[in-house]
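J.: You'll find run.txt just under this line, and it carries compact mmCIF, C-alpha atoms.
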# COMPACT_ATOMS: atom_id res chain seq x y z
CA MET K 1 71.35 17.29 45.71
CA SER K 2 69.28 14.27 44.74
CA ARG K 3 69.45 11.10 46.69
CA ALA K 4 69.14 7.62 45.24
CA LEU K 5 66.08 5.71 46.33
CA PRO K 6 66.51 2.53 48.28
CA LYS K 7 66.22 -0.59 46.15
CA TYR K 8 62.81 -1.56 47.53
CA ASN K 9 61.47 1.92 46.66
CA GLN K 10 62.91 1.59 43.17
CA ARG K 11 61.07 -1.69 42.77
CA ARG K 12 57.77 -0.07 43.91
CA VAL K 13 58.18 2.76 41.42
CA ALA K 14 58.92 0.26 38.66
CA ILE K 15 55.86 -1.80 39.54
CA ILE K 16 53.62 1.26 39.70
CA GLY K 17 55.04 2.56 36.44
CA GLY K 18 54.56 -0.81 34.80
CA ALA K 19 50.97 -0.99 35.99
CA ALA K 20 50.36 2.49 34.69
CA ALA K 21 51.90 1.51 31.36
CA VAL K 22 49.74 -1.59 31.19
CA ALA K 23 46.66 0.48 32.05
CA LEU K 24 47.61 3.06 29.47
CA THR K 25 48.25 0.38 26.89
CA GLY K 26 44.89 -1.20 27.71
CA ALA K 27 43.21 2.15 27.34
CA ILE K 28 44.88 2.63 23.97
CA VAL K 29 43.87 -0.86 22.85
CA ALA K 30 40.34 -0.35 24.15
CA GLY K 31 40.20 3.03 22.51
CA THR K 32 41.40 1.52 19.26
CA ALA K 33 38.80 -1.24 19.47
CA LEU K 34 36.06 1.22 20.24
CA ALA K 35 37.17 3.41 17.43
CA GLY K 36 37.10 0.44 15.12
CA GLU K 37 33.65 -0.55 16.31
CA THR K 38 32.36 2.95 15.84
CA SER K 39 33.80 3.07 12.37
CA LYS K 40 32.33 -0.31 11.55
CA SER K 41 28.93 0.69 12.87
CA GLY K 42 29.14 3.97 11.06
CA GLY K 43 30.03 2.11 7.89
CA THR K 44 27.00 -0.14 8.25
CA THR K 45 24.76 2.84 8.73
CA ALA K 46 26.31 4.52 5.73
CA ARG K 47 25.68 1.42 3.68
CA THR K 48 21.92 1.56 4.24
CA LEU K 49 20.33 -0.39 1.42
CA ALA K 50 19.16 1.84 -1.39
CA SER K 51 15.46 1.88 -2.08
CA PRO K 52 14.51 -0.71 -4.70
CA GLY K 53 12.28 1.93 -6.26
CA SER K 54 8.59 1.52 -6.98
CA ILE K 55 6.48 0.23 -9.83
CA SER K 56 4.40 2.73 -11.75
CA CYS K 57 1.71 1.86 -14.28
CA PRO K 58 -0.38 3.90 -16.73
CA ASP K 59 -3.75 4.95 -15.38
CA VAL K 60 -6.62 2.93 -16.81
CA ALA K 61 -9.67 4.55 -15.17
CA SER K 62 -9.06 7.93 -16.78
CA LYS K 63 -8.81 6.34 -20.25
CA LEU K 64 -12.21 4.64 -20.13
CA PRO K 65 -15.31 5.92 -21.93
CA ALA K 66 -18.62 6.40 -20.13
CA ILE K 67 -19.35 3.15 -18.31
CA PRO K 68 -22.86 1.68 -18.60
CA ALA K 69 -24.55 1.21 -15.24
CA SER K 70 -24.86 -2.53 -15.92
CA ALA K 71 -21.05 -2.80 -16.23
CA GLN K 72 -20.08 -0.49 -13.38
CA ALA K 73 -19.66 -3.11 -10.63
CA GLU K 74 -17.51 -5.39 -12.80
CA VAL K 75 -15.39 -2.52 -14.08
CA THR K 76 -14.84 -1.25 -10.53
CA ARG K 77 -13.80 -4.71 -9.32
CA ASN K 78 -11.23 -4.96 -12.07
CA LEU K 79 -9.92 -1.42 -11.56
CA THR K 80 -9.44 -2.32 -7.91
CA LEU K 81 -7.69 -5.50 -8.99
CA LEU K 82 -5.29 -3.46 -11.13
CA GLN K 83 -4.24 -1.53 -8.05
CA THR K 84 -3.94 -4.73 -6.03
CA GLN K 85 -1.63 -6.16 -8.68
CA ILE K 86 0.61 -3.10 -8.41
CA ASN K 87 0.65 -3.36 -4.62
CA GLU K 88 1.65 -7.02 -4.80
CA ALA K 89 4.37 -6.30 -7.37
CA ASN K 90 5.79 -3.50 -5.19
CA LYS K 91 5.84 -5.87 -2.21
CA ARG K 92 7.66 -8.50 -4.25
CA LEU K 93 10.10 -5.81 -5.37
CA VAL K 94 10.99 -5.13 -1.73
CA ASP K 95 11.00 -8.79 -0.65
CA THR K 96 13.39 -9.84 -3.43
CA VAL K 97 15.80 -6.90 -3.37
CA GLY K 98 19.29 -8.11 -4.26
CA GLN K 99 18.11 -11.34 -5.85
CA GLY K 100 18.76 -12.44 -9.41
CA GLY K 101 20.74 -10.74 -12.13
CA PRO K 102 20.26 -7.43 -13.91
CA ASN K 103 17.09 -8.66 -15.65
CA PHE K 104 15.45 -10.13 -12.55
CA VAL K 105 12.93 -7.30 -12.08
CA ASN K 106 11.91 -7.34 -15.72
CA ASN K 107 11.57 -11.11 -15.94
CA ALA K 108 10.19 -11.95 -12.49
CA ILE K 109 8.09 -8.89 -11.63
CA LEU K 110 7.35 -6.48 -14.49
CA GLY K 111 6.72 -9.24 -17.06
CA PRO K 112 4.18 -11.20 -14.99
CA LEU K 113 2.55 -7.93 -13.90
CA LYS K 114 2.05 -6.93 -17.53
CA ASP K 115 0.41 -10.29 -18.29
CA LYS K 116 -1.99 -9.89 -15.36
CA ARG K 117 -2.85 -6.35 -16.40
CA VAL K 118 -3.54 -7.39 -20.00
CA ALA K 119 -6.07 -9.94 -18.77
CA THR K 120 -7.66 -7.44 -16.37
CA VAL K 121 -8.00 -4.55 -18.83
CA ASN K 122 -9.47 -6.99 -21.36
CA ARG K 123 -12.15 -7.95 -18.82
CA ILE K 124 -12.91 -4.25 -18.35
CA ALA K 125 -13.24 -3.73 -22.10
CA THR K 126 -15.44 -6.83 -22.42
CA ALA K 127 -17.73 -5.69 -19.57
CA ILE K 128 -18.27 -2.31 -21.22
CA GLY K 129 -18.65 -3.87 -24.64
CA ARG K 130 -21.65 -5.95 -23.61
CA THR K 131 -23.95 -2.91 -23.66
CA ALA K 132 -21.88 -0.17 -25.31
CA ALA K 133 -19.03 0.32 -27.74
CA LYS K 134 -16.10 -1.79 -26.61
CA PRO K 135 -13.09 0.42 -25.86
CA GLN K 136 -10.05 -0.32 -28.02
CA GLY K 137 -6.33 -0.09 -27.35
CA LEU K 138 -6.43 -0.63 -23.59
CA ASP K 139 -3.70 -3.27 -23.92
CA ALA K 140 -1.26 -0.41 -24.46
CA LEU K 141 -1.79 0.53 -20.80
CA ALA K 142 -0.61 -2.86 -19.51
CA PRO K 143 3.21 -2.41 -19.36
CA CYS K 144 4.60 -0.84 -16.19
CA THR K 145 7.98 0.63 -15.32
CA LEU K 146 10.33 0.69 -12.36
CA ASN K 147 10.87 4.16 -10.96
CA GLY K 148 13.27 5.39 -8.30
CA ALA K 149 16.61 4.05 -7.09
CA GLY K 150 16.32 0.66 -8.74
CA ALA K 151 15.33 1.92 -12.18
CA ALA K 152 18.80 2.48 -13.65
CA GLY K 153 20.02 -1.09 -13.29
CA ALA K 154 16.87 -3.15 -13.33
CA ASN K 155 14.64 -1.41 -15.83
CA ASN K 156 17.15 -1.42 -18.69
CA GLY K 157 16.18 1.84 -20.27
CA ASN K 158 12.42 1.48 -20.15
CA ALA K 159 12.04 4.70 -18.22
CA ASN K 160 10.34 6.33 -21.18
CA ALA K 161 7.17 4.29 -20.68
CA ASN K 162 4.08 6.12 -19.53
CA ALA K 163 4.31 6.27 -15.75
CA GLY K 164 2.54 7.70 -12.77
CA GLY K 165 -0.91 6.23 -13.29
CA ASN K 166 -2.45 3.73 -10.89
CA ALA K 167 0.50 4.04 -8.50
CA ASN K 168 -1.22 7.22 -7.36
CA ALA K 169 -4.63 5.66 -7.09
CA GLY K 170 -4.30 5.47 -3.34
CA LYS K 171 -3.31 9.11 -2.93
CA GLY K 172 -5.70 10.81 -0.57
CA ASN K 173 -8.34 8.16 -1.01
CA GLY K 174 -7.91 5.82 1.88
CA ASN K 175 -5.00 3.91 0.43
CA ALA K 176 -6.05 1.06 -1.76
CA ASN K 177 -3.30 -0.97 -0.09
CA ALA K 178 -5.94 -2.17 2.30
CA ASN K 179 -7.25 -4.20 -0.59
CA ALA K 180 -3.96 -6.02 -1.25
CA GLY K 181 -4.47 -9.73 -1.66
CA ASN K 182 -8.19 -9.11 -1.99
CA GLY K 183 -8.26 -8.50 -5.70
CA ASN K 184 -11.78 -9.70 -6.37
CA ALA K 185 -13.34 -7.74 -3.56
CA ASN K 186 -16.53 -5.98 -4.57
CA ALA K 187 -15.32 -2.40 -4.24
CA GLY K 188 -17.82 -0.38 -2.28
CA GLY K 189 -20.13 -3.35 -2.05
CA ASN K 190 -21.15 -6.16 0.24
CA ALA K 191 -17.66 -7.04 1.40
CA ASN K 192 -17.42 -9.93 3.76
CA ALA K 193 -13.64 -10.01 3.73
CA GLY K 194 -11.66 -9.79 6.92
CA GLY K 195 -14.42 -11.29 8.99
CA ASN K 196 -14.10 -13.59 11.92
CA ALA K 197 -16.61 -16.32 12.63
CA ALA K 198 -16.67 -15.42 16.30
CA VAL K 199 -17.35 -11.71 15.91
CA GLY K 200 -19.23 -11.64 12.62
CA THR K 201 -18.60 -9.37 9.67
CA ILE K 202 -19.77 -5.95 8.57
CA SER K 203 -21.90 -5.89 5.42
CA CYS K 204 -22.78 -2.73 3.52
CA PRO K 205 -25.13 -2.04 0.62
CA ASP K 206 -23.48 -2.14 -2.80
CA VAL K 207 -22.93 1.32 -4.22
CA ALA K 208 -21.33 0.59 -7.58
CA SER K 209 -24.34 -1.31 -8.91
CA LYS K 210 -26.68 1.56 -7.97
CA LEU K 211 -24.87 4.23 -9.95
CA PRO K 212 -26.04 5.55 -13.32
CA ALA K 213 -23.75 5.64 -16.33
CA ILE K 214 -20.59 7.43 -15.22
CA PRO K 215 -19.19 10.17 -17.46
CA ALA K 216 -15.62 9.51 -18.57
CA THR K 217 -14.53 12.76 -16.90
CA ALA K 218 -15.78 11.49 -13.53
CA GLN K 219 -14.60 7.88 -13.84
CA ALA K 220 -11.25 8.22 -12.05
CA GLU K 221 -12.74 10.10 -9.09
CA VAL K 222 -15.68 7.72 -8.80
CA THR K 223 -13.33 4.73 -8.86
CA ARG K 224 -11.13 6.22 -6.15
CA ASN K 225 -14.12 6.74 -3.90
CA LEU K 226 -15.58 3.30 -4.58
CA THR K 227 -12.20 1.87 -3.61
CA LEU K 228 -12.28 4.01 -0.47
CA LEU K 229 -15.68 2.56 0.46
CA GLN K 230 -14.14 -0.91 0.38
CA THR K 231 -11.15 0.27 2.40
CA GLN K 232 -13.51 1.68 5.04
CA ILE K 233 -15.27 -1.68 5.32
CA ASN K 234 -11.93 -3.50 5.62
CA GLU K 235 -10.83 -1.14 8.39
CA ALA K 236 -14.16 -1.52 10.23
CA ASN K 237 -13.90 -5.32 10.06
CA LYS K 238 -10.37 -5.14 11.44
CA ARG K 239 -11.51 -2.90 14.27
CA LEU K 240 -14.34 -5.36 14.93
CA VAL K 241 -11.81 -8.13 15.47
CA ASP K 242 -9.31 -5.99 17.40
CA THR K 243 -11.91 -4.75 19.90
CA VAL K 244 -13.81 -7.99 20.50
CA GLY K 245 -15.05 -8.10 24.10
CA GLN K 246 -14.68 -4.36 24.66
CA GLY K 247 -17.46 -2.01 25.70
CA GLY K 248 -21.11 -2.75 26.38
CA PRO K 249 -23.92 -4.08 24.18
CA ASN K 250 -23.95 -0.93 22.04
CA PHE K 251 -20.20 -0.73 21.52
CA VAL K 252 -20.25 -1.99 17.92
CA ASN K 253 -23.06 0.37 16.94
CA ASN K 254 -21.53 3.41 18.62
CA ALA K 255 -17.82 2.84 17.98
CA ILE K 256 -17.77 1.04 14.63
CA LEU K 257 -21.03 1.07 12.65
CA GLY K 258 -21.88 4.70 13.46
CA PRO K 259 -18.52 6.17 12.41
CA LEU K 260 -18.49 3.89 9.36
CA ALA K 261 -21.89 5.22 8.23
CA ASP K 262 -20.61 8.80 8.58
CA LYS K 263 -17.51 8.04 6.49
CA ARG K 264 -19.55 6.26 3.84
CA LYS K 265 -22.02 9.14 3.61
CA SER K 266 -19.20 11.60 2.90
CA THR K 267 -17.65 9.28 0.33
CA ILE K 268 -20.96 8.59 -1.41
CA ASP K 269 -21.66 12.32 -1.54
CA ARG K 270 -18.34 12.85 -3.31
CA ILE K 271 -19.32 10.20 -5.86
CA ALA K 272 -22.65 11.89 -6.53
CA ILE K 273 -21.02 15.31 -6.83
CA SER K 274 -18.36 14.08 -9.27
CA ILE K 275 -21.03 12.55 -11.53
CA GLY K 276 -23.21 15.64 -11.19
CA ARG K 277 -20.56 17.93 -12.63
CA THR K 278 -21.20 16.69 -16.18
CA ALA K 279 -24.40 14.63 -15.89
CA ALA K 280 -27.52 14.32 -13.79
CA LYS K 281 -26.53 14.03 -10.15
CA PRO K 282 -27.73 10.70 -8.72
CA GLN K 283 -30.19 11.04 -5.85
CA GLY K 284 -30.88 8.91 -2.80
CA LEU K 285 -27.43 7.35 -2.50
CA ASP K 286 -27.26 8.36 1.16
CA SER K 287 -29.59 5.46 1.92
CA LEU K 288 -26.69 3.14 1.09
CA ALA K 289 -24.46 4.52 3.85
CA ALA K 290 -25.69 2.44 6.80
CA CYS K 291 -24.10 -0.99 7.33
CA THR K 292 -25.01 -3.95 9.51
CA LEU K 293 -23.23 -6.58 11.55
CA THR K 294 -23.93 -10.12 10.41
CA LYS K 295 -23.00 -13.09 12.57
Please, can you express the file's structure as structure tokens?
T.:
Amino acid sequence: MSRALPKYNQRRVAIIGGAAAVALTGAIVAGTALAGETSKSGGTTARTLASPGSISCPDVASKLPAIPASAQAEVTRNLTLLQTQINEANKRLVDTVGQGGPNFVNNAILGPLKDKRVATVNRIATAIGRTAAKPQGLDALAPCTLNGAGAAGANNGNANANAGGNANAGKGNGNANANAGNGNANAGGNANAGGNAAVGTISCPDVASKLPAIPATAQAEVTRNLTLLQTQINEANKRLVDTVGQGGPNFVNNAILGPLADKRKSTIDRIAISIGRTAAKPQGLDSLAACTLTK
């Protein structure tokens, strides 16, 4: 037989029950809030911005005829500049994602890029034409396209343009991105870019100007490796700045100039081999591998 609790006990039970209810309600509210936060966070993650795509341009190097030795350095500089222009356009594509209307990419990025490329390929044709037959029709290689996630909306059906050229120029060749913003750098030559007055700069013998006429079949590979020579110098100059004050008196020779000479020797050998497949292999290029530190 149950007995009724005294009134003060009833009040204690009510208070305890109320507290438990409040605690439970708080837990439910907290749980709901957490659930909402998780959902919101999950939604943000799910809404990760789509890639703006990438810009792809027809390859120019592979379409060139044999390049006279007297034009090689100028042609190489401008081929490097073509890649730099693509790098800069891809950076602008990322920096301006979401801006403008549906024609923004065409009007603000692809259009100006085409104009720059027309001027650059014309300089290449003019350089060759000074001592050989001037190549015709290179202007057709100037227009570029937007590939990837952004292509459907921003490129307005231009996906049929010839793609896949210079965008691959950095593949396996030391990434020509190191040359971005350095369009007129003398690829493979006496680069003084990236230097610092306090630590000096690394200077290397010019390779492009020492090459014989390059067969058309070897042009693309030679250009990639000349670009790689410049990239190696850029990286060595950066390491020179980053390691200032480290090591003893021979640190620069042992840790920077020595490894750089080894890399350059391998790259120069690849240049000679690629030319030698269809023409006389150039000799003595190894003497151009060693670089010096100039203050």
J.: Grab the CA of Ala236 in chain K to CA of Ser209 in chain K distance for me, in Å with one decimal place.
T.: 21.7 Å
J.: For CA of Ala142 in chain K and CA of Pro65 in chain K, determine how far apart the two atoms are, in Å to one decimal place.
T.: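 Separation between CA of Ala142 in chain K and CA of Pro65 in chain K: 17.3 Å.
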J.: May I ask which of the residues K:Ile109, K:Leu288, K:Ala279, K:Val60 is the closest one to Val97 in chain K, counting all atoms listed in the file?
T.: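 That would be K:Ile109, the residue with the smallest distance to Val97 in chain K.
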J.: Can you pull out the residues contacting Ala69 in chain K? Cut-off 7 Å, using only C-alpha atoms, and skip same-chain residues under 3 positions away; I want them as a ChimeraX atom specification.
T.: /K:72,209,211-213
J.: Kindly list the centre and edge lengths in Å, rounded to one decimal, for the axis-aligned box that covers all listed atoms of range 277-283 of chain K plus 5 Å on each of its six sides, as lines of an AutoDock Vina configuration file.
T.:
center_x = -25.4
center_y = 14.3
center_z = -11.0
size_x = 19.6
size_y = 17.2
size_z = 20.3
J.: Just the number, please: distance in Å from CA of Thr294 in chain K to CA of Ala261 in chain K, one decimal.
T.: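 Computed distance, CA of Thr294 in chain K to CA of Ala261 in chain K, equals 15.6 Å.
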